[in-house]
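Okay, so here's the structure we're looking at.
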Amino acid sequence: MLINLDTKNITKINDRQFFEEALIYLKPYQQLINDINSLGLDIADDNEELTAKKRTLIDSLKQKGAKFRNDNKSIYINYLSKACWECKKGDRSITYFYSLACNRDCYFCSNKNQENYDYYVHNQRDIISELDKIKDPETLKAVAVTGGEPLLDTEKLFHILSSVKTKCPMAHTRLYTNGDLINYNILENLQRNNLDEIRFSIKPDENGKLDESTIQKIIIAKNYISEVVVEMPVIPGSLNEMKKLLNVLNENEITGVNLLEFLFPWVNSKEYTKRGFKIKNKPYEILYSYTYAGGLPISGSEEECLELLLHGLENDYSIGLHYCSLENKLTSQIYSQNSGIKTLPYEIFSDKDFFIKTAKVYGKNAKTAKKTFDKCQEDIFYNYDPELGVIEFNPKDIEKLQHNIEVAISYNIVEQQSNQKVLKEIKLDLTYPEIFEFQKDI
């Protein structure tokens, strides 16, 4: 078992050197909180009742047969898109936008948080040229076109879809659209271009209600596209209306629904404050400079997503329901940066979260750990620095240490700096030999 070091439990560390190093990685969290507060938003309290509710919901979902994947960051029933399967690592999946122009202006849209947003509202990317530069495009398993709203330029869209099918014949193709511009002619052209999945990124109103015409377009799309998926954020407070909406979608036998954790995209903060939204108490499990532009999770959304999954199970839904958390969207970046790196004998590449990890012991306990390892009959690889007073070793060897020794689990990620790749430590957690379970915790 790992003890997650945050501002509440960092005082559990006794070794001063370990404490000071762990504190280094907590300071950026304080800066994040200051940045959030400067926009007029608050962080939700560390609510034990909400934590207990989440734990109860997860236990119920497991008991009723929900499928858990990506270290519980993704939970689904009945169906999961091939594209979502590939999203975990992202090495065989790619998503393009050729324009960020859109016919809507949703207050929660993350596009304004995209790099070069203003430019791509008025200019288009050359996706065909980008496809040509991909090594082994035939190995791609999922290719998506998103926006903005891709249907604002259907001629461009159809050309891209045709090119993708030619260059990436094994890829599952999907299109994101808000559905406003959908008509029979467009659906026929999408079918002609062998689109595998259409994903309606819909916008329910403040109470979770969806315009009836949008529902009809979703139903009609079933006649043209083999997989019709609805994707929408679950806004806290809309649970009852969301249940009614899911009932309608299930009755009409669409393929599935992606329930997204509701996010604050670092823009339109006044819209969030006037609705009383607060940022989730711990926005990230591991704080890092993630490239995903979605934003920060809003408190209460995750629990309502889980309740909707449970609602689907209890009402014997035939359609797929998938809860996609913010954390689920971040793992592909970690995998991309850390995969393929040759680790040292005392490092491991974690299959759980894709970080490169080591175990560390500090101070006088570092000397004790070294003596223990040296006495072992088998070879144990470690890096001992007597000047710094720290020993670094493979987490699988924690069990060989005496009980009550404080052990740090170090999380690391590879970054490109100048002309070389550098391994950067970004977090420490606490464990003890008597409670650490290698397979479970790493």
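Chain labels follow the order of the structure tokens: the first chain is A, the next B, and so on; residue numbering restarts at 1 in every chain, and ligands are counted from 1 in their shown order.
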Residue contacts of Arg92 (chain A) (10 Å, only C-alpha atoms) excluding same-chain residues fewer than 6 positions away, as JSON, numbers by chain: {"A": [83, 86, 137, 138, 139, 140, 141, 142, 143, 171]}
Same residues, N, CA and C atoms, output as a tab-separated table (two decimals), in the first residue's frame:
chain	number	residue	atom	x	y	z
A	83	ALA	N	-11.71	2.97	-30.54
A	83	ALA	CA	-10.88	4.16	-30.36
A	83	ALA	C	-10.54	4.37	-28.90
A	86	GLU	N	-7.75	2.12	-27.74
A	86	GLU	CA	-6.42	2.56	-28.16
A	86	GLU	C	-5.94	3.80	-27.43
A	137	PRO	N	1.84	4.30	-41.52
A	137	PRO	CA	0.45	4.69	-41.20
A	137	PRO	C	-0.51	3.51	-41.21
A	138	GLU	N	-0.12	2.43	-41.90
A	138	GLU	CA	-1.01	1.27	-41.96
A	138	GLU	C	-1.13	0.56	-40.62
A	139	THR	N	-0.24	0.89	-39.68
A	139	THR	CA	-0.30	0.27	-38.35
A	139	THR	C	-1.24	1.01	-37.39
A	140	LEU	N	-1.72	2.19	-37.79
A	140	LEU	CA	-2.63	2.94	-36.93
A	140	LEU	C	-3.95	2.18	-36.77
A	141	LYS	N	-4.45	2.13	-35.53
A	141	LYS	CA	-5.68	1.42	-35.24
A	141	LYS	C	-6.89	2.34	-35.09
A	142	ALA	N	-6.64	3.64	-34.86
A	142	ALA	CA	-7.74	4.58	-34.68
A	142	ALA	C	-7.33	5.97	-35.16
A	143	VAL	N	-8.17	6.56	-36.00
A	143	VAL	CA	-7.93	7.92	-36.49
A	143	VAL	C	-9.24	8.70	-36.38
A	171	ALA	N	-7.31	1.32	-39.73
A	171	ALA	CA	-7.76	2.25	-38.69
A	171	ALA	C	-9.28	2.31	-38.58
Region 40-50 of chain A surroundings by only C-alpha atoms, 10 Å radius, close-in-sequence under 4 positions cut, as a list of chain:residue names: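 What passes the distance filter is A:Lys8, A:Ile33, A:Asn34, A:Asp35, A:Ile36, A:Lys54, A:Arg55, A:Thr56, A:Phe264, A:Ser269, A:Lys270, A:Tyr272, A:Thr273, A:Lys274, A:Gly276, A:Phe277, A:Lys278, A:Ile279, A:Lys280, A:Asn281, A:Lys282, A:Pro283, A:Ile298, A:Ser299, A:Gly300, A:Glu303.
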Point-to-point distance from CA of Tyr384 (chain A) to CA of Leu2 (chain A), Å rounded to tenths: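 Distance reported for this atom pair: 23.0 Å.
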Residue nearest Ile356 (chain A) among A:Asp441, A:Glu285, A:Glu425, A:Asp180 (counting only C-alpha atoms):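 Smallest distance to Ile356 (chain A) is found for A:Glu425.
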Residue with smallest distance to Ala101 (chain A) - pool A:Leu152, A:Tyr79, A:Thr291, A:Ser74, counting only C-alpha atoms: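 Ranking A:Leu152, A:Tyr79, A:Thr291, A:Ser74 by distance to Ala101 (chain A), first place goes to A:Leu152.
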DSSP strand (DSSP E) residues within region 293-378 of chain A, as a list of chain:residue names: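 Residues of region 293-378 of chain A classed as strand (DSSP E): A:Leu296, A:Pro297, A:Gly320, A:Leu321, A:His322, A:Tyr323, A:Cys324, A:Ile348, A:Phe349, A:Ile356, A:Lys357, A:Thr358, A:Ala359, A:Lys360, A:Val361, A:Tyr362.
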Taking N, CA and C atoms for each residue, export the selection above as a PDB file, in the first residue's frame.
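The resulting again.pdb:
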ATOM      1  N   LEU A 296      -9.244  21.409 -15.802  1.00  0.00           N
ATOM      2  CA  LEU A 296      -9.255  20.838 -14.453  1.00  0.00           C
ATOM      3  C   LEU A 296     -10.621  20.250 -14.122  1.00  0.00           C
ATOM      4  N   PRO A 297     -10.669  19.123 -13.401  1.00  0.00           N
ATOM      5  CA  PRO A 297     -11.951  18.479 -13.100  1.00  0.00           C
ATOM      6  C   PRO A 297     -12.768  19.252 -12.067  1.00  0.00           C
ATOM      7  N   GLY A 320     -23.856   0.705 -24.586  1.00  0.00           N
ATOM      8  CA  GLY A 320     -22.642   0.866 -23.811  1.00  0.00           C
ATOM      9  C   GLY A 320     -22.655   2.167 -23.033  1.00  0.00           C
ATOM     10  N   LEU A 321     -22.113   2.131 -21.840  1.00  0.00           N
ATOM     11  CA  LEU A 321     -21.867   3.344 -21.055  1.00  0.00           C
ATOM     12  C   LEU A 321     -20.409   3.318 -20.630  1.00  0.00           C
ATOM     13  N   HIS A 322     -19.738   4.435 -20.799  1.00  0.00           N
ATOM     14  CA  HIS A 322     -18.312   4.501 -20.472  1.00  0.00           C
ATOM     15  C   HIS A 322     -18.023   5.783 -19.702  1.00  0.00           C
ATOM     16  N   TYR A 323     -17.428   5.623 -18.517  1.00  0.00           N
ATOM     17  CA  TYR A 323     -16.965   6.791 -17.773  1.00  0.00           C
ATOM     18  C   TYR A 323     -15.510   7.039 -18.132  1.00  0.00           C
ATOM     19  N   CYS A 324     -15.239   8.189 -18.714  1.00  0.00           N
ATOM     20  CA  CYS A 324     -13.886   8.589 -19.104  1.00  0.00           C
ATOM     21  C   CYS A 324     -13.450   9.748 -18.215  1.00  0.00           C
ATOM     22  N   ILE A 348      12.013   0.572 -12.810  1.00  0.00           N
ATOM     23  CA  ILE A 348      10.980  -0.203 -13.497  1.00  0.00           C
ATOM     24  C   ILE A 348      10.084   0.746 -14.282  1.00  0.00           C
ATOM     25  N   PHE A 349       9.598   0.243 -15.408  1.00  0.00           N
ATOM     26  CA  PHE A 349       8.570   0.939 -16.170  1.00  0.00           C
ATOM     27  C   PHE A 349       7.233   0.362 -15.722  1.00  0.00           C
ATOM     28  N   ILE A 356       8.159   5.776 -14.785  1.00  0.00           N
ATOM     29  CA  ILE A 356       9.359   5.018 -14.422  1.00  0.00           C
ATOM     30  C   ILE A 356       9.587   5.233 -12.932  1.00  0.00           C
ATOM     31  N   LYS A 357       9.711   4.127 -12.186  1.00  0.00           N
ATOM     32  CA  LYS A 357       9.724   4.233 -10.728  1.00  0.00           C
ATOM     33  C   LYS A 357      10.954   3.568 -10.119  1.00  0.00           C
ATOM     34  N   THR A 358      11.352   4.112  -8.980  1.00  0.00           N
ATOM     35  CA  THR A 358      12.379   3.503  -8.149  1.00  0.00           C
ATOM     36  C   THR A 358      11.919   3.605  -6.699  1.00  0.00           C
ATOM     37  N   ALA A 359      12.608   2.871  -5.827  1.00  0.00           N
ATOM     38  CA  ALA A 359      12.413   3.010  -4.384  1.00  0.00           C
ATOM     39  C   ALA A 359      13.636   3.721  -3.819  1.00  0.00           C
ATOM     40  N   LYS A 360      13.419   4.529  -2.768  1.00  0.00           N
ATOM     41  CA  LYS A 360      14.515   5.283  -2.173  1.00  0.00           C
ATOM     42  C   LYS A 360      14.411   5.235  -0.648  1.00  0.00           C
ATOM     43  N   VAL A 361      15.562   5.162  -0.013  1.00  0.00           N
ATOM     44  CA  VAL A 361      15.639   5.244   1.447  1.00  0.00           C
ATOM     45  C   VAL A 361      16.690   6.289   1.797  1.00  0.00           C
ATOM     46  N   TYR A 362      16.429   7.060   2.856  1.00  0.00           N
ATOM     47  CA  TYR A 362      17.265   8.204   3.191  1.00  0.00           C
ATOM     48  C   TYR A 362      17.967   8.043   4.541  1.00  0.00           C
TER      49      TYR A 362
END
Within 12 Å of region 184-207 of chain A, which residues of region 91-153 of chain A show up? Give each one with its shortest atom-to-atom distance in Å (one decimal) and the two atoms involved, counting only C-alpha atoms, rows by chain then rising residue number, as a tab-separated table.
residue	atom	partner	partner_atom	distance
A:Arg104	CA	A:Lys203	CA	9.9
A:Asp105	CA	A:Lys203	CA	10.6
A:Cys106	CA	A:Lys203	CA	8.0
A:Tyr107	CA	A:Lys203	CA	10.5
A:Phe108	CA	A:Lys203	CA	9.9
A:Cys109	CA	A:Lys203	CA	10.2
A:Lys141	CA	A:Asp196	CA	11.9
A:Ala142	CA	A:Asp196	CA	10.0
A:Val143	CA	A:Asp196	CA	10.1
A:Ala144	CA	A:Glu197	CA	9.2
A:Val145	CA	A:Ile198	CA	10.0
A:Thr146	CA	A:Arg199	CA	9.6
A:Gly147	CA	A:Ser201	CA	10.5
A:Gly148	CA	A:Ser201	CA	10.8
A:Glu149	CA	A:Ser201	CA	9.9
A:Pro150	CA	A:Ile186	CA	11.6
A:Leu151	CA	A:Ile186	CA	8.5
A:Leu152	CA	A:Ile186	CA	11.2
A:Asp153	CA	A:Ile186	CA	11.0
Could those residues be written to a file, using N, CA, C and O atoms, as an mmCIF file, in the first residue's frame?
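Below is the file part_16.cif, written as the result:
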data_model
loop_
_atom_site.group_PDB
_atom_site.id
_atom_site.type_symbol
_atom_site.label_atom_id
_atom_site.label_comp_id
_atom_site.auth_asym_id
_atom_site.auth_seq_id
_atom_site.Cartn_x
_atom_site.Cartn_y
_atom_site.Cartn_z
ATOM 1 N N ARG A 104 -20.911 26.953 -32.522
ATOM 2 C CA ARG A 104 -21.355 27.154 -31.142
ATOM 3 C C ARG A 104 -20.279 27.858 -30.342
ATOM 4 O O ARG A 104 -19.141 27.996 -30.781
ATOM 5 N N ASP A 105 -20.656 28.252 -29.136
ATOM 6 C CA ASP A 105 -19.694 28.875 -28.220
ATOM 7 C C ASP A 105 -20.032 28.428 -26.795
ATOM 8 O O ASP A 105 -20.501 29.207 -25.976
ATOM 9 N N CYS A 106 -19.787 27.158 -26.514
ATOM 10 C CA CYS A 106 -20.109 26.581 -25.207
ATOM 11 C C CYS A 106 -19.125 27.096 -24.154
ATOM 12 O O CYS A 106 -17.919 27.123 -24.393
ATOM 13 N N TYR A 107 -19.638 27.464 -23.008
ATOM 14 C CA TYR A 107 -18.772 28.069 -21.981
ATOM 15 C C TYR A 107 -17.733 27.080 -21.454
ATOM 16 O O TYR A 107 -16.684 27.478 -20.957
ATOM 17 N N PHE A 108 -18.004 25.776 -21.574
ATOM 18 C CA PHE A 108 -17.081 24.769 -21.035
ATOM 19 C C PHE A 108 -16.151 24.179 -22.100
ATOM 20 O O PHE A 108 -15.399 23.252 -21.819
ATOM 21 N N CYS A 109 -16.218 24.696 -23.332
ATOM 22 C CA CYS A 109 -15.395 24.158 -24.414
ATOM 23 C C CYS A 109 -13.919 24.433 -24.151
ATOM 24 O O CYS A 109 -13.531 25.553 -23.793
ATOM 25 N N LYS A 141 -4.446 2.131 -35.534
ATOM 26 C CA LYS A 141 -5.677 1.422 -35.238
ATOM 27 C C LYS A 141 -6.886 2.340 -35.089
ATOM 28 O O LYS A 141 -8.028 1.883 -35.140
ATOM 29 N N ALA A 142 -6.636 3.644 -34.860
ATOM 30 C CA ALA A 142 -7.742 4.584 -34.677
ATOM 31 C C ALA A 142 -7.333 5.965 -35.162
ATOM 32 O O ALA A 142 -6.277 6.470 -34.768
ATOM 33 N N VAL A 143 -8.170 6.557 -35.998
ATOM 34 C CA VAL A 143 -7.929 7.917 -36.495
ATOM 35 C C VAL A 143 -9.235 8.698 -36.381
ATOM 36 O O VAL A 143 -10.288 8.227 -36.830
ATOM 37 N N ALA A 144 -9.156 9.884 -35.778
ATOM 38 C CA ALA A 144 -10.358 10.700 -35.583
ATOM 39 C C ALA A 144 -10.182 12.071 -36.211
ATOM 40 O O ALA A 144 -9.068 12.588 -36.317
ATOM 41 N N VAL A 145 -11.308 12.646 -36.607
ATOM 42 C CA VAL A 145 -11.342 14.043 -37.054
ATOM 43 C C VAL A 145 -12.281 14.784 -36.113
ATOM 44 O O VAL A 145 -13.432 14.379 -35.912
ATOM 45 N N THR A 146 -11.772 15.852 -35.540
ATOM 46 C CA THR A 146 -12.561 16.638 -34.592
ATOM 47 C C THR A 146 -12.477 18.106 -34.969
ATOM 48 O O THR A 146 -12.031 18.458 -36.056
ATOM 49 N N GLY A 147 -12.872 18.983 -34.074
ATOM 50 C CA GLY A 147 -12.839 20.411 -34.360
ATOM 51 C C GLY A 147 -12.577 21.198 -33.104
ATOM 52 O O GLY A 147 -11.980 20.663 -32.176
ATOM 53 N N GLY A 148 -13.164 22.360 -33.096
ATOM 54 C CA GLY A 148 -14.216 22.986 -33.868
ATOM 55 C C GLY A 148 -15.331 22.024 -34.292
ATOM 56 O O GLY A 148 -15.564 20.997 -33.700
ATOM 57 N N GLU A 149 -15.998 22.459 -35.346
ATOM 58 C CA GLU A 149 -17.062 21.658 -35.934
ATOM 59 C C GLU A 149 -16.643 21.267 -37.348
ATOM 60 O O GLU A 149 -16.676 22.090 -38.275
ATOM 61 N N PRO A 150 -16.249 19.992 -37.565
ATOM 62 C CA PRO A 150 -15.743 19.556 -38.867
ATOM 63 C C PRO A 150 -16.746 19.712 -40.004
ATOM 64 O O PRO A 150 -16.354 19.860 -41.163
ATOM 65 N N LEU A 151 -18.050 19.687 -39.696
ATOM 66 C CA LEU A 151 -19.054 19.750 -40.754
ATOM 67 C C LEU A 151 -19.238 21.153 -41.326
ATOM 68 O O LEU A 151 -20.035 21.353 -42.249
ATOM 69 N N LEU A 152 -18.482 22.122 -40.820
ATOM 70 C CA LEU A 152 -18.514 23.461 -41.428
ATOM 71 C C LEU A 152 -17.849 23.459 -42.797
ATOM 72 O O LEU A 152 -18.080 24.357 -43.611
ATOM 73 N N ASP A 153 -17.006 22.470 -43.057
ATOM 74 C CA ASP A 153 -16.355 22.333 -44.365
ATOM 75 C C ASP A 153 -16.409 20.864 -44.758
ATOM 76 O O ASP A 153 -15.450 20.111 -44.576
#
Pick from A:Ser163, A:Asn9, A:Gln124, A:Gln17 nearest to Lys364 (chain A), counting only C-alpha atoms: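 Nearest candidate to Lys364 (chain A) out of A:Ser163, A:Asn9, A:Gln124, A:Gln17: A:Gln17.
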Test item: residues at most 9 Å from Ile77 (chain A), only C-alpha atoms, excluding those fewer than 6 positions along its chain, as an MDAnalysis selection string: chainID A and resid 65:67 309 312:313 317:322
Length of the CA of Leu100 (chain A) to CA of Val230 (chain A) vector [Å]: 20.3 Å
All residues 12 Å or closer to Gln114 (chain A), only C-alpha atoms, same chain fewer than 3 positions away omitted, as an MDAnalysis selection string: chainID A and resid 97 99:100 109:111 117:121 147:148 265:267 291:295
All residues 10 Å or closer to Leu245 (chain A), only C-alpha atoms, same chain fewer than 3 positions away omitted, as a PyMOL selection string: chain A and resi 204+208-210+215+239-242+248-251
Would you return as a compact mmCIF listing (two decimals) with N, CA, C and O atoms, in the first residue's frame the members of region 42-134 of chain A that DSSP assigns to helix (DSSP H, G or I) on this structure's backbone?
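File written: result-v5.txt
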# COMPACT_ATOMS: atom_id res chain seq x y z
N GLU A 48 -14.81 13.99 3.15
CA GLU A 48 -14.75 12.55 3.45
C GLU A 48 -16.04 11.85 3.02
O GLU A 48 -16.02 10.69 2.60
N GLU A 49 -17.16 12.55 3.11
CA GLU A 49 -18.45 11.96 2.72
C GLU A 49 -18.47 11.67 1.22
O GLU A 49 -18.95 10.63 0.77
N LEU A 50 -17.92 12.62 0.43
CA LEU A 50 -17.86 12.44 -1.02
C LEU A 50 -16.91 11.30 -1.37
O LEU A 50 -17.18 10.49 -2.27
N THR A 51 -15.79 11.21 -0.66
CA THR A 51 -14.83 10.13 -0.87
C THR A 51 -15.46 8.77 -0.57
O THR A 51 -15.28 7.81 -1.32
N ALA A 52 -16.20 8.71 0.52
CA ALA A 52 -16.88 7.46 0.90
C ALA A 52 -17.94 7.09 -0.14
O ALA A 52 -18.12 5.91 -0.47
N LYS A 53 -18.64 8.09 -0.67
CA LYS A 53 -19.66 7.84 -1.69
C LYS A 53 -19.02 7.26 -2.95
O LYS A 53 -19.54 6.30 -3.52
N LYS A 54 -17.90 7.82 -3.36
CA LYS A 54 -17.20 7.31 -4.53
C LYS A 54 -16.78 5.86 -4.31
O LYS A 54 -16.93 5.01 -5.19
N ARG A 55 -16.24 5.57 -3.14
CA ARG A 55 -15.78 4.21 -2.83
C ARG A 55 -16.96 3.22 -2.87
O ARG A 55 -16.83 2.12 -3.41
N THR A 56 -18.09 3.64 -2.33
CA THR A 56 -19.28 2.79 -2.33
C THR A 56 -19.78 2.53 -3.75
O THR A 56 -20.15 1.40 -4.11
N LEU A 57 -19.77 3.58 -4.58
CA LEU A 57 -20.21 3.44 -5.97
C LEU A 57 -19.31 2.49 -6.74
O LEU A 57 -19.78 1.64 -7.50
N ILE A 58 -18.00 2.62 -6.55
CA ILE A 58 -17.05 1.75 -7.25
C ILE A 58 -17.23 0.30 -6.81
O ILE A 58 -17.23 -0.62 -7.64
N ASP A 59 -17.43 0.10 -5.52
CA ASP A 59 -17.67 -1.27 -5.02
C ASP A 59 -18.93 -1.85 -5.64
O ASP A 59 -18.96 -3.03 -6.05
N SER A 60 -19.99 -1.06 -5.73
CA SER A 60 -21.25 -1.53 -6.32
C SER A 60 -21.07 -1.85 -7.80
O SER A 60 -21.61 -2.86 -8.30
N LEU A 61 -20.32 -1.01 -8.51
CA LEU A 61 -20.08 -1.25 -9.93
C LEU A 61 -19.30 -2.54 -10.15
O LEU A 61 -19.60 -3.31 -11.08
N LYS A 62 -18.32 -2.79 -9.30
CA LYS A 62 -17.55 -4.03 -9.41
C LYS A 62 -18.44 -5.24 -9.15
O LYS A 62 -18.36 -6.25 -9.87
N GLN A 63 -19.28 -5.14 -8.14
CA GLN A 63 -20.16 -6.26 -7.78
C GLN A 63 -21.16 -6.56 -8.88
O GLN A 63 -21.53 -7.72 -9.11
N LYS A 82 -13.55 1.01 -30.15
CA LYS A 82 -12.18 0.61 -30.46
C LYS A 82 -11.22 1.78 -30.26
O LYS A 82 -10.07 1.59 -29.86
N ALA A 83 -11.71 2.97 -30.54
CA ALA A 83 -10.88 4.16 -30.36
C ALA A 83 -10.54 4.37 -28.90
O ALA A 83 -9.41 4.76 -28.56
N CYS A 84 -11.50 4.10 -28.01
CA CYS A 84 -11.25 4.25 -26.58
C CYS A 84 -10.26 3.20 -26.08
O CYS A 84 -9.47 3.46 -25.17
N TRP A 85 -10.31 2.01 -26.66
CA TRP A 85 -9.34 0.98 -26.29
C TRP A 85 -7.93 1.44 -26.59
O TRP A 85 -6.99 1.21 -25.83
N GLU A 86 -7.75 2.12 -27.74
CA GLU A 86 -6.42 2.56 -28.16
C GLU A 86 -5.94 3.80 -27.43
O GLU A 86 -4.75 4.11 -27.44
N CYS A 87 -6.86 4.51 -26.79
CA CYS A 87 -6.53 5.79 -26.16
C CYS A 87 -5.58 5.64 -24.98
O CYS A 87 -4.82 6.54 -24.66
N ASN A 111 -11.51 24.27 -26.43
CA ASN A 111 -10.76 24.66 -27.62
C ASN A 111 -10.02 25.98 -27.45
O ASN A 111 -8.93 26.18 -27.99
N LYS A 112 -10.62 26.90 -26.68
CA LYS A 112 -9.95 28.19 -26.46
C LYS A 112 -8.68 28.03 -25.66
O LYS A 112 -7.86 28.95 -25.58
N ASN A 113 -8.51 26.87 -25.06
CA ASN A 113 -7.30 26.56 -24.31
C ASN A 113 -6.24 25.91 -25.20
O ASN A 113 -5.13 25.63 -24.75
N TYR A 117 -5.07 28.85 -30.83
CA TYR A 117 -6.51 28.79 -31.05
C TYR A 117 -6.99 29.85 -32.05
O TYR A 117 -7.69 29.54 -33.02
N ASP A 118 -6.61 31.10 -31.85
CA ASP A 118 -7.08 32.18 -32.71
C ASP A 118 -6.68 31.95 -34.17
O ASP A 118 -7.46 32.24 -35.09
N TYR A 119 -5.50 31.43 -34.38
CA TYR A 119 -5.02 31.17 -35.75
C TYR A 119 -5.88 30.12 -36.43
O TYR A 119 -6.33 30.29 -37.57
N TYR A 120 -6.15 29.01 -35.71
CA TYR A 120 -6.85 27.90 -36.35
C TYR A 120 -8.36 28.09 -36.41
O TYR A 120 -9.06 27.28 -37.02
N VAL A 121 -8.87 29.15 -35.81
CA VAL A 121 -10.27 29.51 -36.04
C VAL A 121 -10.43 30.04 -37.46
O VAL A 121 -11.47 29.85 -38.11
N HIS A 122 -9.39 30.67 -37.98
CA HIS A 122 -9.46 31.31 -39.30
C HIS A 122 -8.61 30.62 -40.36
O HIS A 122 -8.70 30.96 -41.54
N ILE A 127 -3.89 18.42 -43.04
CA ILE A 127 -3.86 17.09 -42.45
C ILE A 127 -3.32 16.04 -43.42
O ILE A 127 -2.64 15.10 -43.01
N ILE A 128 -3.59 16.20 -44.70
CA ILE A 128 -3.12 15.23 -45.69
C ILE A 128 -1.59 15.16 -45.66
O ILE A 128 -1.00 14.07 -45.67
N SER A 129 -0.94 16.32 -45.59
CA SER A 129 0.53 16.34 -45.51
C SER A 129 1.01 15.71 -44.22
O SER A 129 2.04 15.02 -44.19
N GLU A 130 0.27 15.94 -43.13
CA GLU A 130 0.65 15.35 -41.84
C GLU A 130 0.53 13.83 -41.89
O GLU A 130 1.36 13.11 -41.34
N LEU A 131 -0.49 13.34 -42.58
CA LEU A 131 -0.65 11.90 -42.74
C LEU A 131 0.52 11.31 -43.52
O LEU A 131 1.01 10.22 -43.20
N ASP A 132 0.96 12.02 -44.53
CA ASP A 132 2.06 11.54 -45.38
C ASP A 132 3.36 11.39 -44.59
O ASP A 132 4.24 10.61 -44.97
Residue with smallest distance to Thr173 (chain A) - pool A:Leu246, A:Lys222, A:Ser81, A:Ser289, counting only C-alpha atoms: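 Closest to Thr173 (chain A) of all the choices is A:Ser81.
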Interatomic distance, CA of Phe18 (chain A) to CA of Asp353 (chain A) (Å, one decimal):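 These atoms are spaced 23.2 Å apart.
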